[in-house]
Each structure stands twice: as structure tokens, then as C-alpha cells.
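Engineer: This is the content of model_37.csv (CSV, C-alpha atoms and all ligand atoms):
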chain,number,residue,atom,x,y,z
A,1,MET,CA,31.2,121.3,119.4
A,2,PHE,CA,27.7,119.9,119.2
A,3,LYS,CA,26.3,120.5,122.7
A,4,GLY,CA,23.2,122.7,122.5
A,5,LYS,CA,23.5,123.1,118.8
A,6,LYS,CA,20.4,122.8,116.7
A,7,ILE,CA,21.2,120.3,113.9
A,8,VAL,CA,18.8,119.7,111.1
A,9,ILE,CA,19.2,116.4,109.4
A,10,THR,CA,17.4,115.7,106.1
A,11,GLY,CA,16.8,112.0,105.7
A,12,GLY,CA,16.9,111.8,109.5
A,13,SER,CA,14.3,109.0,109.7
A,14,SER,CA,16.5,106.3,108.3
A,15,GLY,CA,20.0,104.8,107.7
A,16,LEU,CA,22.9,107.2,108.0
A,17,GLY,CA,20.8,110.3,108.8
A,18,LEU,CA,19.1,108.6,111.7
A,19,ALA,CA,22.4,107.0,113.0
A,20,LEU,CA,24.0,110.5,112.9
A,21,ALA,CA,21.0,112.0,114.7
A,22,LYS,CA,21.2,109.4,117.5
A,23,GLU,CA,24.9,109.9,118.0
A,24,LEU,CA,24.7,113.7,117.9
A,25,ALA,CA,21.8,113.7,120.4
A,26,THR,CA,24.0,111.7,122.8
A,27,LYS,CA,26.6,114.5,122.4
A,28,GLY,CA,24.0,117.0,123.6
A,29,ALA,CA,22.7,118.4,120.2
A,30,VAL,CA,19.1,119.2,119.6
A,31,VAL,CA,18.4,117.2,116.5
A,32,VAL,CA,15.7,118.1,113.9
A,33,LEU,CA,14.7,115.3,111.6
A,34,ILE,CA,13.3,115.9,108.1
A,35,ALA,CA,11.8,113.2,105.8
A,36,ARG,CA,8.6,112.6,103.9
A,37,GLY,CA,7.2,109.5,105.7
A,38,LYS,CA,5.5,110.6,108.9
A,39,GLU,CA,5.4,107.2,110.7
A,40,LYS,CA,9.1,106.5,110.3
A,41,LEU,CA,9.9,110.1,111.4
A,42,GLU,CA,7.8,109.8,114.6
A,43,ASN,CA,9.4,106.4,115.4
A,44,ALA,CA,12.9,107.9,114.9
A,45,LYS,CA,12.1,110.9,117.1
A,46,ALA,CA,10.6,108.6,119.8
A,47,GLU,CA,13.7,106.4,119.7
A,48,ILE,CA,16.0,109.4,120.4
A,49,THR,CA,13.8,111.0,123.1
A,50,ALA,CA,13.4,107.6,124.9
A,51,LYS,CA,17.1,107.7,125.4
A,52,GLY,CA,17.0,111.2,126.9
A,53,GLY,CA,17.9,113.0,123.6
A,54,ARG,CA,16.2,116.2,122.4
A,55,ALA,CA,14.6,115.6,118.9
A,56,TYR,CA,12.0,117.2,116.7
A,57,ALA,CA,10.4,115.8,113.5
A,58,PHE,CA,9.2,117.7,110.5
A,59,SER,CA,7.7,116.0,107.5
A,60,SER,CA,8.8,117.6,104.2
A,61,ASP,CA,9.9,116.9,100.7
A,62,VAL,CA,13.4,118.2,100.0
A,63,SER,CA,12.8,118.2,96.2
A,64,SER,CA,10.2,121.0,96.6
A,65,ILE,CA,11.8,124.4,97.3
A,66,GLU,CA,8.5,125.8,98.5
A,67,ALA,CA,7.9,122.9,100.9
A,68,ILE,CA,11.4,122.9,102.3
A,69,THR,CA,11.6,126.7,102.7
A,70,GLU,CA,8.3,126.7,104.7
A,71,THR,CA,9.7,123.8,106.8
A,72,PHE,CA,12.9,125.7,107.7
A,73,ASN,CA,10.9,128.8,108.6
A,74,ASN,CA,8.7,126.6,110.9
A,75,ILE,CA,11.8,125.0,112.4
A,76,ALA,CA,13.2,128.5,113.1
A,77,SER,CA,10.1,129.6,114.9
A,78,GLU,CA,9.3,126.4,116.7
A,79,VAL,CA,12.7,125.0,117.6
A,80,GLY,CA,15.0,128.0,117.0
A,81,PRO,CA,17.3,128.9,114.1
A,82,PRO,CA,19.5,125.9,113.0
A,83,ASP,CA,23.3,125.9,113.5
A,84,ILE,CA,24.2,122.9,111.4
A,85,LEU,CA,22.5,121.4,108.3
A,86,ILE,CA,23.3,117.7,107.4
A,87,ASN,CA,22.0,116.7,104.0
A,88,SER,CA,21.5,113.0,104.1
A,89,ALA,CA,18.2,112.5,102.2
A,90,GLY,CA,18.8,110.5,99.1
A,91,ILE,CA,17.6,107.8,96.8
A,92,LEU,CA,19.3,105.1,94.7
A,93,ARG,CA,18.2,103.7,91.3
A,94,GLU,CA,20.4,101.0,89.7
A,95,GLY,CA,20.3,99.5,86.3
A,96,TYR,CA,21.4,99.5,82.6
A,97,PHE,CA,21.4,103.0,81.2
A,98,ASP,CA,19.3,102.1,78.1
A,99,ARG,CA,16.6,100.7,80.4
A,100,ILE,CA,16.3,103.7,82.7
A,101,SER,CA,13.8,106.4,81.7
A,102,VAL,CA,14.6,110.0,81.6
A,103,ASP,CA,11.9,110.5,84.3
A,104,THR,CA,13.9,108.3,86.6
A,105,PHE,CA,17.0,110.4,86.0
A,106,ARG,CA,15.0,113.5,86.9
A,107,GLU,CA,13.6,111.8,90.0
A,108,VAL,CA,17.2,111.0,91.3
A,109,ILE,CA,18.5,114.5,90.4
A,110,GLU,CA,15.5,116.2,92.0
A,111,THR,CA,16.2,114.4,95.2
A,112,ASN,CA,20.0,113.9,95.5
A,113,TYR,CA,21.0,117.2,93.9
A,114,PHE,CA,18.2,119.7,94.0
A,115,GLY,CA,17.1,118.3,97.3
A,116,VAL,CA,20.4,119.3,98.8
A,117,LEU,CA,20.4,122.6,96.9
A,118,ASN,CA,16.9,123.5,98.1
A,119,SER,CA,17.7,122.6,101.7
A,120,ILE,CA,20.8,124.8,101.7
A,121,LYS,CA,18.9,127.7,100.1
A,122,ALA,CA,16.2,127.4,102.8
A,123,ALA,CA,18.7,127.0,105.7
A,124,LEU,CA,21.4,129.5,104.6
A,125,PRO,CA,20.1,132.7,106.2
A,126,PHE,CA,20.1,130.9,109.6
A,127,ILE,CA,23.4,129.1,109.1
A,128,ILE,CA,25.2,132.4,108.0
A,129,LYS,CA,23.9,134.1,111.2
A,130,SER,CA,25.2,131.3,113.4
A,131,LYS,CA,28.4,130.9,111.4
A,132,GLY,CA,27.5,127.3,111.3
A,133,ARG,CA,28.1,124.3,109.1
A,134,ILE,CA,26.8,122.5,106.1
A,135,VAL,CA,27.5,118.8,105.8
A,136,ASN,CA,26.6,117.2,102.4
A,137,ILE,CA,26.4,113.4,102.2
A,138,ALA,CA,27.5,112.6,98.7
A,139,SER,CA,29.1,109.2,97.9
A,140,VAL,CA,32.3,107.5,96.5
A,141,ALA,CA,30.0,107.3,93.4
A,142,GLY,CA,30.3,111.1,93.3
A,143,LEU,CA,34.1,110.7,92.8
A,144,MET,CA,34.3,107.7,90.4
A,145,GLY,CA,31.9,106.2,87.8
A,146,VAL,CA,30.2,103.0,88.8
A,147,PHE,CA,28.6,100.5,86.4
A,148,GLY,CA,24.8,100.6,86.8
A,149,TYR,CA,24.8,104.0,88.6
A,150,THR,CA,24.4,106.4,85.7
A,151,THR,CA,21.5,108.1,87.5
A,152,TYR,CA,23.1,108.0,91.0
A,153,CYS,CA,26.6,109.0,89.8
A,154,SER,CA,25.2,112.0,87.8
A,155,SER,CA,23.4,113.3,90.9
A,156,LYS,CA,26.3,112.7,93.3
A,157,PHE,CA,29.0,114.1,90.9
A,158,ALA,CA,26.8,117.3,90.6
A,159,LEU,CA,26.5,117.4,94.4
A,160,VAL,CA,30.3,117.1,94.7
A,161,GLY,CA,30.7,120.0,92.3
A,162,LEU,CA,28.2,122.1,94.2
A,163,THR,CA,29.9,121.4,97.5
A,164,GLU,CA,33.4,122.1,96.2
A,165,ALA,CA,32.4,125.5,94.8
A,166,LEU,CA,30.2,126.4,97.7
A,167,ARG,CA,33.0,125.9,100.1
A,168,TYR,CA,34.9,128.8,98.6
A,169,GLU,CA,31.9,131.1,98.9
A,170,MET,CA,31.0,130.1,102.5
A,171,LYS,CA,34.6,130.4,103.9
A,172,PRO,CA,34.6,134.3,104.0
A,173,LEU,CA,31.2,134.2,105.7
A,174,GLY,CA,32.5,131.9,108.5
A,175,VAL,CA,30.4,128.9,107.4
A,176,LYS,CA,32.2,125.6,107.3
A,177,VAL,CA,31.3,123.1,104.5
A,178,HIS,CA,32.0,119.4,104.7
A,179,LEU,CA,31.7,116.8,101.9
A,180,VAL,CA,31.2,113.2,103.0
A,181,CYS,CA,31.8,110.5,100.5
A,182,PRO,CA,30.9,107.1,101.9
A,183,SER,CA,31.3,103.7,100.2
A,184,GLU,CA,28.4,101.2,100.3
A,185,PHE,CA,27.1,100.4,103.8
A,186,ALA,CA,24.1,98.4,105.0
A,187,SER,CA,20.9,100.6,105.3
A,188,PRO,CA,17.3,100.4,104.1
A,189,MET,CA,18.7,102.0,100.8
A,190,THR,CA,20.8,99.0,100.0
A,191,GLU,CA,18.8,96.3,101.8
A,192,HIS,CA,17.2,94.8,98.7
A,193,LEU,CA,19.8,95.9,96.2
A,194,ASN,CA,21.5,92.5,95.9
A,195,ASP,CA,18.1,91.0,94.7
A,196,THR,CA,17.9,93.4,91.7
A,197,ARG,CA,21.3,94.8,90.9
A,198,THR,CA,23.0,94.0,87.7
A,199,PRO,CA,25.9,91.5,88.0
A,200,GLU,CA,28.3,94.1,86.6
A,201,ASN,CA,27.3,96.5,89.3
A,202,LYS,CA,27.8,93.9,92.0
A,203,ALA,CA,31.3,93.0,90.5
A,204,HIS,CA,32.2,96.7,90.3
A,205,THR,CA,31.1,97.7,93.8
A,206,LEU,CA,33.0,94.7,95.2
A,207,THR,CA,36.2,96.6,94.2
A,208,ILE,CA,35.2,99.4,96.7
A,209,PRO,CA,35.5,98.4,100.4
A,210,GLU,CA,32.1,98.2,102.2
A,211,TYR,CA,31.8,99.4,105.8
A,212,ASP,CA,29.3,99.2,108.6
A,213,LEU,CA,27.1,102.1,109.7
A,214,ASP,CA,29.1,102.6,112.9
A,215,THR,CA,32.3,103.4,110.9
A,216,MET,CA,30.3,105.8,108.8
A,217,VAL,CA,29.0,107.7,111.8
A,218,ARG,CA,32.3,107.6,113.7
A,219,ASP,CA,34.4,108.8,110.8
A,220,THR,CA,31.9,111.4,109.7
A,221,ILE,CA,31.7,113.0,113.2
A,222,LYS,CA,35.4,112.8,113.6
A,223,GLY,CA,35.9,114.5,110.3
A,224,ILE,CA,33.5,117.3,111.2
A,225,GLU,CA,35.2,117.8,114.6
A,226,LYS,CA,38.6,118.0,112.9
A,227,GLY,CA,37.2,120.6,110.4
A,228,LYS,CA,38.1,118.4,107.4
A,229,PHE,CA,36.4,119.3,104.1
A,230,MET,CA,36.4,116.0,102.3
A,231,ILE,CA,35.5,113.1,104.6
A,232,VAL,CA,35.8,109.5,103.2
A,233,PRO,CA,34.9,107.1,106.0
A,234,GLY,CA,37.1,104.0,106.3
A,235,ILE,CA,40.8,103.8,105.7
A,236,LEU,CA,40.6,101.2,102.8
A,237,CYS,CA,38.0,103.4,101.1
A,238,ARG,CA,40.2,106.4,101.4
A,239,LEU,CA,43.0,104.5,99.7
A,240,THR,CA,40.6,103.3,97.0
A,241,VAL,CA,39.5,106.9,96.3
A,242,LEU,CA,43.1,108.1,96.3
A,243,GLY,CA,44.0,105.3,93.8
A,244,ALA,CA,41.0,106.1,91.6
A,245,ARG,CA,41.8,109.8,91.5
A,246,HIS,CA,45.6,109.7,91.1
A,247,PHE,CA,46.0,106.5,89.1
A,248,SER,CA,42.7,106.6,87.2
A,249,GLU,CA,44.0,104.6,84.2
A,250,ILE,CA,45.0,101.7,86.5
A,251,SER,CA,41.8,102.0,88.5
A,252,ARG,CA,39.7,101.8,85.3
A,253,PHE,CA,41.7,98.8,84.1
A,254,VAL,CA,41.1,96.9,87.3
A,255,CYS,CA,37.4,97.7,87.3
A,256,ASP,CA,37.0,96.8,83.6
A,257,LEU,CA,38.6,93.5,84.3
A,258,LYS,CA,36.2,92.7,87.2
A,259,ILE,CA,33.2,93.9,85.3
A,260,SER,CA,34.1,92.0,82.1
A,261,ARG,CA,34.3,88.7,84.0
A,262,SER,CA,30.7,89.1,85.3
A,263,TRP,CA,29.6,90.3,81.8
A,264,VAL,CA,31.1,87.2,80.1
A,265,ASP,CA,29.3,85.0,82.7
A,266,ARG,CA,26.0,86.7,82.0
A,267,HIS,CA,26.1,86.6,78.2
A,268,LEU,CA,27.6,83.2,77.5
B,1,LIG,N1,23.6,103.2,101.8
B,1,LIG,C1,24.7,103.3,101.1
B,1,LIG,O1,25.4,102.4,100.7
B,1,LIG,C2,25.3,104.7,100.7
B,1,LIG,C3,26.6,104.8,100.2
B,1,LIG,C4,27.1,106.1,99.9
B,1,LIG,C5,26.3,107.2,100.1
B,1,LIG,N2,25.0,107.1,100.6
B,1,LIG,C6,24.2,108.3,100.8
B,1,LIG,O2,23.9,108.5,102.2
B,1,LIG,C7,22.7,109.1,102.3
B,1,LIG,C8,21.8,108.3,103.3
B,1,LIG,O3,21.6,107.0,102.7
B,1,LIG,P1,20.9,105.8,103.5
B,1,LIG,O4,21.6,104.6,103.1
B,1,LIG,O5,20.9,106.2,104.9
B,1,LIG,O6,19.5,105.9,102.9
B,1,LIG,P2,18.0,105.5,103.5
B,1,LIG,O7,18.2,104.6,104.7
B,1,LIG,O8,17.2,105.0,102.4
B,1,LIG,O9,17.4,106.9,104.0
B,1,LIG,C9,17.1,107.9,103.1
B,1,LIG,C10,16.4,109.0,103.9
B,1,LIG,O10,16.1,110.0,103.0
B,1,LIG,C11,14.7,110.4,103.1
B,1,LIG,N3,14.3,110.9,101.8
B,1,LIG,C12,14.3,110.4,100.6
B,1,LIG,N4,13.8,111.2,99.6
B,1,LIG,C13,13.4,112.3,100.3
B,1,LIG,C14,12.8,113.5,99.9
B,1,LIG,N5,12.4,113.8,98.6
B,1,LIG,N6,12.5,114.4,100.8
B,1,LIG,C15,12.8,114.2,102.1
B,1,LIG,N7,13.4,113.1,102.6
B,1,LIG,C16,13.7,112.2,101.7
B,1,LIG,C17,14.0,109.1,103.5
B,1,LIG,O11,12.7,109.2,104.1
B,1,LIG,P3,11.4,109.3,103.2
B,1,LIG,O12,11.5,108.2,102.1
B,1,LIG,O13,10.3,108.9,104.2
B,1,LIG,O14,11.3,110.6,102.7
B,1,LIG,C18,15.0,108.5,104.5
B,1,LIG,O15,14.9,109.2,105.7
B,1,LIG,C19,22.1,109.3,100.9
B,1,LIG,O16,22.3,110.6,100.4
B,1,LIG,C20,22.8,108.2,100.1
B,1,LIG,O17,22.9,108.6,98.7
B,1,LIG,C21,24.5,105.9,100.9
Take the structure from the file and write it as C-alpha cells.
Structural biologist:
Amino acid sequence: MFKGKKIVITGGSSGLGLALAKELATKGAVVVLIARGKEKLENAKAEITAKGGRAYAFSSDVSSIEAITETFNNIASEVGPPDILINSAGILREGYFDRISVDTFREVIETNYFGVLNSIKAALPFIIKSKGRIVNIASVAGLMGVFGYTTYCSSKFALVGLTEALRYEMKPLGVKVHLVCPSEFASPMTEHLNDTRTPENKAHTLTIPEYDLDTMVRDTIKGIEKGKFMIVPGILCRLTVLGARHFSEISRFVCDLKISRSWVDRHL
């Protein structure tokens, strides 16, 4: 499925994007990494090519439609038209709603929502021609509310809505759309989160099973290969999501209980 395919991965210089790029390169794909930071991008590309993989790196900002459109045109002429787009670029901001500025909300939405939207717009002419795939990395926080994630949940819920609706429009054009909703995993995004996150957020996220990066990569690729629309890596996480969606009252009750314990600790 991936051999010889040109796969563009936004956020490909780090975390899940980079881990997917490495794995797909070993499966024979030509991977094209996009991120802003040039040094990390070049290191990521070097890591893949040192192991015999074929990789390219393009520095660009997904939150700018002009920049990302130019980047996809450059990719098409320098590497060839992409077959698959994986949208992994994202940022996380955590904190109490009343202490988060509107500018921070905009920053998160511009990256996690418009960043994906812009990349799809820029890649779509190529993806339609190749009858390819679009893979959007959302989050479990795009399916259920999480304490401290008002910015992040807003952006990921919007992304889930976009992906669900887009799937219907892409189907008659022969383009497959996948929605990946991971739970928390260790990556540069979450590295220092425990130093700063609110106790309530810590308590709440503990109710959602955490997985390692390998499980994320394995289950994401398996889900794409099987043609699944919604991919939730990790069996326990799938059960948690199922519970939260179908027994939402019970799920909220359990989360309230966990959160209120940490809240009482903090305010006594
Ligand atoms: N880690 C988790 O626990 C977790 C859980 C659920 C879902 N997710 C989602 O999974 C995806 C990957 O997360 P991760 O943990 O792998 O994050 P990460 O290690 O922090 O990597 C984020 C990547 O996105 C790039 N990026 C950020 N803003 C960008 C922009 N405006 N334009 C272009 N590239 C940009 C970063 O490079 P530059 O900064 O150099 O641009 C980096 O390559 C994200 O969408 C995240 O929301 C993560």
C-alpha cells in the first residue's frame, strides 16, 4: 500500500509525525516532512536517509495558506505530486479557561484546525488526481471534553467535524479520509506538561489510558491499511471512547469525581 507512494507529513520533524515517517519509509514510501524549525527537520530527514529511506524536508508554516500552498507546489515539482497527506502538526496549551487569552485560543485554532484545513486545500488537487488519502491526527480530546484543554478541545472537536464532513465529499472522488484520535503519549509535546499542568487536568487525563509511541504508530498504520475511518489507537482507549460516547452521563460522573478530588486537595 505504501511502497513508492509520496507521503507528505506535516509535523514530520517530531513525535508522532516523525515516528510515522520512519515506519512508512521502511515500508518503501517516499516521505516528505513539513515543519517550521529547519534544524529539527534536517535532523529528521538525515535519520531516515541514514537507514536507507527516501526523505525530503520542506520548512513551512501550516497556519499560513499562502506559505503552505507554495510548499505543496514546490513538493509537486521537486518530488512529484503527493499521494497521501498526513496532518500531524499540532500544538498544545493547557490551563484554566479564565487565565487563557483569546490570542492563545486563536494560536491553537490557527495551527490545529486551520493548519489542517490549509494543508488539505493545498494538497487536494494532487490527492484527487492520485485518488489518494488524507489522514488527520486529531485526539481523544476531539471526542470528549477534558479539564484544562478548552483551547485544545475546541481545535480538535472542530477538526473532527471537518474530517467527518469531508469524508462524505471525498468518497465519490475516490479519496479515502482517516481520522486518528490518540490518547496521551510521550512526545516533545507532552514532555514538560507534568511540570505545569493543572492538578485537575492531571486527574482527568489519568482516566484515559496512556500509550507509547510504538502503539500509536502500529495502530495508525494498521487502521489505514484496513481502510478504517476512525482510528483510536490502543484497545483500552477504544473502550474509554466507546464508554464516553455511549454512556456519557456515567463517563462525566466518573470524571467529575476524579477531578473534584484533586480540586479539593488544591483548595483546602
Ligand atoms: N502527544 C500527545 O499526547 C498527543 C495526544 C493526542 C493527539 N496528539 C496530536 O498528535 C499530533 C502530533 O503530536 P506530537 O505529540 O507528535 O507533537 P510534537 O512532538 O510536539 O510535534 C509537533 C510537530 O508539529 C510541528 N508544527 C507545530 N506547529 C506547526 C506549524 N504552525 N506549521 C508547521 N509545523 C508545525 C512541529 O515542528 P515546528 O515546531 O518546528 O514547526 C513538530 O514537528 C498533534 O496534532 C497532536 O495534537 C498528541
Engineer: Counting all atoms listed in the file, which of A:Asp256, A:Asp61, A:Asp83, A:Asp214 gets nearest to A:Gly11?
Structural biologist: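 Distance minimum relative to A:Gly11 lands on A:Asp61.
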Engineer: Go through chain A residue by residue and, counting all atoms listed in the file, keep those with an atom at most 6 Å from ligand LIG 1 (chain B); for each kept residue give the shortest atom pair and its distance in Å to one decimal, ordered by chain and increasing number, as a tab-separated table.
Structural biologist:
residue	atom	partner	partner_atom	distance
A:Thr10	CA	B:LIG1	N7	5.9
A:Gly11	CA	B:LIG1	O15	3.4
A:Gly12	CA	B:LIG1	O15	5.0
A:Ser13	CA	B:LIG1	O15	4.0
A:Ser14	CA	B:LIG1	O15	4.2
A:Gly15	CA	B:LIG1	O5	3.3
A:Leu16	CA	B:LIG1	O5	3.8
A:Gly17	CA	B:LIG1	O5	5.7
A:Ala35	CA	B:LIG1	N7	3.6
A:Arg36	CA	B:LIG1	O14	3.6
A:Gly37	CA	B:LIG1	O13	3.5
A:Ser60	CA	B:LIG1	C15	5.7
A:Asp61	CA	B:LIG1	N6	3.6
A:Val62	CA	B:LIG1	N6	4.0
A:Ser63	CA	B:LIG1	N5	5.0
A:Ser88	CA	B:LIG1	C7	4.5
A:Ala89	CA	B:LIG1	O10	3.4
A:Gly90	CA	B:LIG1	O16	3.7
A:Ile91	CA	B:LIG1	C12	5.7
A:Thr111	CA	B:LIG1	N5	5.1
A:Ile137	CA	B:LIG1	O16	5.3
A:Ala138	CA	B:LIG1	C5	5.7
A:Ser139	CA	B:LIG1	C5	4.1
A:Pro182	CA	B:LIG1	C4	4.4
A:Ser183	CA	B:LIG1	C3	4.8
A:Glu184	CA	B:LIG1	O1	3.3
A:Phe185	CA	B:LIG1	O1	4.1
A:Ala186	CA	B:LIG1	N1	5.8
A:Ser187	CA	B:LIG1	O4	4.6
A:Pro188	CA	B:LIG1	O7	4.3
A:Met189	CA	B:LIG1	O8	3.7
A:Thr190	CA	B:LIG1	N1	5.4
Engineer: Skip A:Phe157 itself and residues of its chain fewer than 2 positions away, then list as a list in words all residues within 9 Å of it, counting all atoms listed in the file.
Structural biologist: Ala138, Ser139, Ala141, Gly142, Leu143, Met144, Gly145, Tyr152, Cys153, Ser154, Ser155, Leu159, Val160, Gly161 and Leu162 of chain A
Engineer: So that I have them on file, write out the residues from the current selection with C-alpha atoms, as a compact mmCIF listing (two decimals), in the coordinates of the input.
Structural biologist:
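Written out: out12.txt:
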# COMPACT_ATOMS: atom_id res chain seq x y z
CA ALA A 138 27.50 112.60 98.70
CA SER A 139 29.10 109.20 97.90
CA ALA A 141 30.00 107.30 93.40
CA GLY A 142 30.30 111.10 93.30
CA LEU A 143 34.10 110.70 92.80
CA MET A 144 34.30 107.70 90.40
CA GLY A 145 31.90 106.20 87.80
CA TYR A 152 23.10 108.00 91.00
CA CYS A 153 26.60 109.00 89.80
CA SER A 154 25.20 112.00 87.80
CA SER A 155 23.40 113.30 90.90
CA LEU A 159 26.50 117.40 94.40
CA VAL A 160 30.30 117.10 94.70
CA GLY A 161 30.70 120.00 92.30
CA LEU A 162 28.20 122.10 94.20
Engineer: Atom CA of A:Gly95 and atom CA of A:Ser64, how far apart in Å?
Structural biologist: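 Straight-line distance from atom CA of A:Ser64 to atom CA of A:Gly95 works out to 25.9 Å.
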Engineer: Kindly provide, as a list in words, the polymer residues lying within 12 Å of (33.1, 106.9, 113.4), counting only C-alpha atoms and using the coordinates exactly as they appear in the file.
Structural biologist: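 Answer for this query, in the requested form: Leu16, Ala19, Leu20, Glu23, Leu24, Pro182, Tyr211, Asp212, Leu213, Asp214, Thr215, Met216, Val217, Arg218, Asp219, Thr220, Ile221, Lys222, Gly223, Ile224, Glu225, Ile231, Val232, Pro233, Gly234 and Ile235 of chain A.
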Engineer: Choose the residue, out of A:Ser59, A:Ser262, A:Ser251, A:Ser130, that has the smallest atom-to-atom separation from A:Gly174; count only C-alpha atoms.
Structural biologist: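 Nearest to A:Gly174: A:Ser130.
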Engineer: Smallest atom-to-atom distance to A:Asn73: which of A:Leu85, A:Ala46, A:Leu239, A:Ala122, using only C-alpha atoms?
Structural biologist: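 Among the listed residues, A:Ala122 lies closest to A:Asn73.
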Engineer: Work out how far atom CA of A:Asn112 is from atom CA of A:Lys156, in Å to one decimal.
Structural biologist: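 If I compute the distance from atom CA of A:Lys156 to atom CA of A:Asn112, I get 6.8 Å.
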Engineer: Report as a list of chain:residue names all protein, DNA and RNA residues lying within 12 Å of A:Lys258, evaluated on only C-alpha atoms, omitting residues in the same chain fewer than 6 positions from it.
Structural biologist: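 Surrounding residues, per the criterion: A:Phe147, A:Pro199, A:Glu200, A:Asn201, A:Lys202, A:Ala203, A:His204, A:Thr205, A:Leu206, A:Thr207, A:Ile208, A:Ser251, A:Arg252, A:Val264, A:Asp265.
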Engineer: Quick one: write out the picked residues with C-alpha atoms as a PDB file, in the coordinates of the input?
Structural biologist:
ATOM      1  CA  PHE A 147      28.600 100.500  86.400  1.00  0.00           C
ATOM      2  CA  PRO A 199      25.900  91.500  88.000  1.00  0.00           C
ATOM      3  CA  GLU A 200      28.300  94.100  86.600  1.00  0.00           C
ATOM      4  CA  ASN A 201      27.300  96.500  89.300  1.00  0.00           C
ATOM      5  CA  LYS A 202      27.800  93.900  92.000  1.00  0.00           C
ATOM      6  CA  ALA A 203      31.300  93.000  90.500  1.00  0.00           C
ATOM      7  CA  HIS A 204      32.200  96.700  90.300  1.00  0.00           C
ATOM      8  CA  THR A 205      31.100  97.700  93.800  1.00  0.00           C
ATOM      9  CA  LEU A 206      33.000  94.700  95.200  1.00  0.00           C
ATOM     10  CA  THR A 207      36.200  96.600  94.200  1.00  0.00           C
ATOM     11  CA  ILE A 208      35.200  99.400  96.700  1.00  0.00           C
ATOM     12  CA  SER A 251      41.800 102.000  88.500  1.00  0.00           C
ATOM     13  CA  ARG A 252      39.700 101.800  85.300  1.00  0.00           C
ATOM     14  CA  VAL A 264      31.100  87.200  80.100  1.00  0.00           C
ATOM     15  CA  ASP A 265      29.300  85.000  82.700  1.00  0.00           C
TER      16      ASP A 265
END
Engineer: Between A:Ala55, A:Val102, A:Leu18, A:Ile48, single out the one closest to A:Val31, counting only C-alpha atoms.
Structural biologist: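 Counting only C-alpha atoms, the residue closest to A:Val31 is A:Ala55.
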Engineer: I'd like the neighbourhood of A:Arg99 as a PyMOL selection string, where a residue qualifies if any of its atoms comes within 12 Å (using all atoms listed in the file), though same-chain residues fewer than 4 positions away should be ignored.
Structural biologist: chain A and resi 93-95+103-105+148+150-151+198
Engineer: Excluding same-chain residues fewer than 6 positions from A:Ala123, what lies within 12 Å of it counting all atoms listed in the file, as number ranges by chain?
Structural biologist: A: 6-10, 62, 65, 68-76, 80-87, 116-117, 129-134, 175
Engineer: Based on the selection just made, write C-alpha atoms of those residues as a PDB file, in the coordinates of the input.
Structural biologist:
ATOM      1  CA  LYS A   6      20.400 122.800 116.700  1.00  0.00           C
ATOM      2  CA  ILE A   7      21.200 120.300 113.900  1.00  0.00           C
ATOM      3  CA  VAL A   8      18.800 119.700 111.100  1.00  0.00           C
ATOM      4  CA  ILE A   9      19.200 116.400 109.400  1.00  0.00           C
ATOM      5  CA  THR A  10      17.400 115.700 106.100  1.00  0.00           C
ATOM      6  CA  VAL A  62      13.400 118.200 100.000  1.00  0.00           C
ATOM      7  CA  ILE A  65      11.800 124.400  97.300  1.00  0.00           C
ATOM      8  CA  ILE A  68      11.400 122.900 102.300  1.00  0.00           C
ATOM      9  CA  THR A  69      11.600 126.700 102.700  1.00  0.00           C
ATOM     10  CA  GLU A  70       8.300 126.700 104.700  1.00  0.00           C
ATOM     11  CA  THR A  71       9.700 123.800 106.800  1.00  0.00           C
ATOM     12  CA  PHE A  72      12.900 125.700 107.700  1.00  0.00           C
ATOM     13  CA  ASN A  73      10.900 128.800 108.600  1.00  0.00           C
ATOM     14  CA  ASN A  74       8.700 126.600 110.900  1.00  0.00           C
ATOM     15  CA  ILE A  75      11.800 125.000 112.400  1.00  0.00           C
ATOM     16  CA  ALA A  76      13.200 128.500 113.100  1.00  0.00           C
ATOM     17  CA  GLY A  80      15.000 128.000 117.000  1.00  0.00           C
ATOM     18  CA  PRO A  81      17.300 128.900 114.100  1.00  0.00           C
ATOM     19  CA  PRO A  82      19.500 125.900 113.000  1.00  0.00           C
ATOM     20  CA  ASP A  83      23.300 125.900 113.500  1.00  0.00           C
ATOM     21  CA  ILE A  84      24.200 122.900 111.400  1.00  0.00           C
ATOM     22  CA  LEU A  85      22.500 121.400 108.300  1.00  0.00           C
ATOM     23  CA  ILE A  86      23.300 117.700 107.400  1.00  0.00           C
ATOM     24  CA  ASN A  87      22.000 116.700 104.000  1.00  0.00           C
ATOM     25  CA  VAL A 116      20.400 119.300  98.800  1.00  0.00           C
ATOM     26  CA  LEU A 117      20.400 122.600  96.900  1.00  0.00           C
ATOM     27  CA  LYS A 129      23.900 134.100 111.200  1.00  0.00           C
ATOM     28  CA  SER A 130      25.200 131.300 113.400  1.00  0.00           C
ATOM     29  CA  LYS A 131      28.400 130.900 111.400  1.00  0.00           C
ATOM     30  CA  GLY A 132      27.500 127.300 111.300  1.00  0.00           C
ATOM     31  CA  ARG A 133      28.100 124.300 109.100  1.00  0.00           C
ATOM     32  CA  ILE A 134      26.800 122.500 106.100  1.00  0.00           C
ATOM     33  CA  VAL A 175      30.400 128.900 107.400  1.00  0.00           C
TER      34      VAL A 175
END
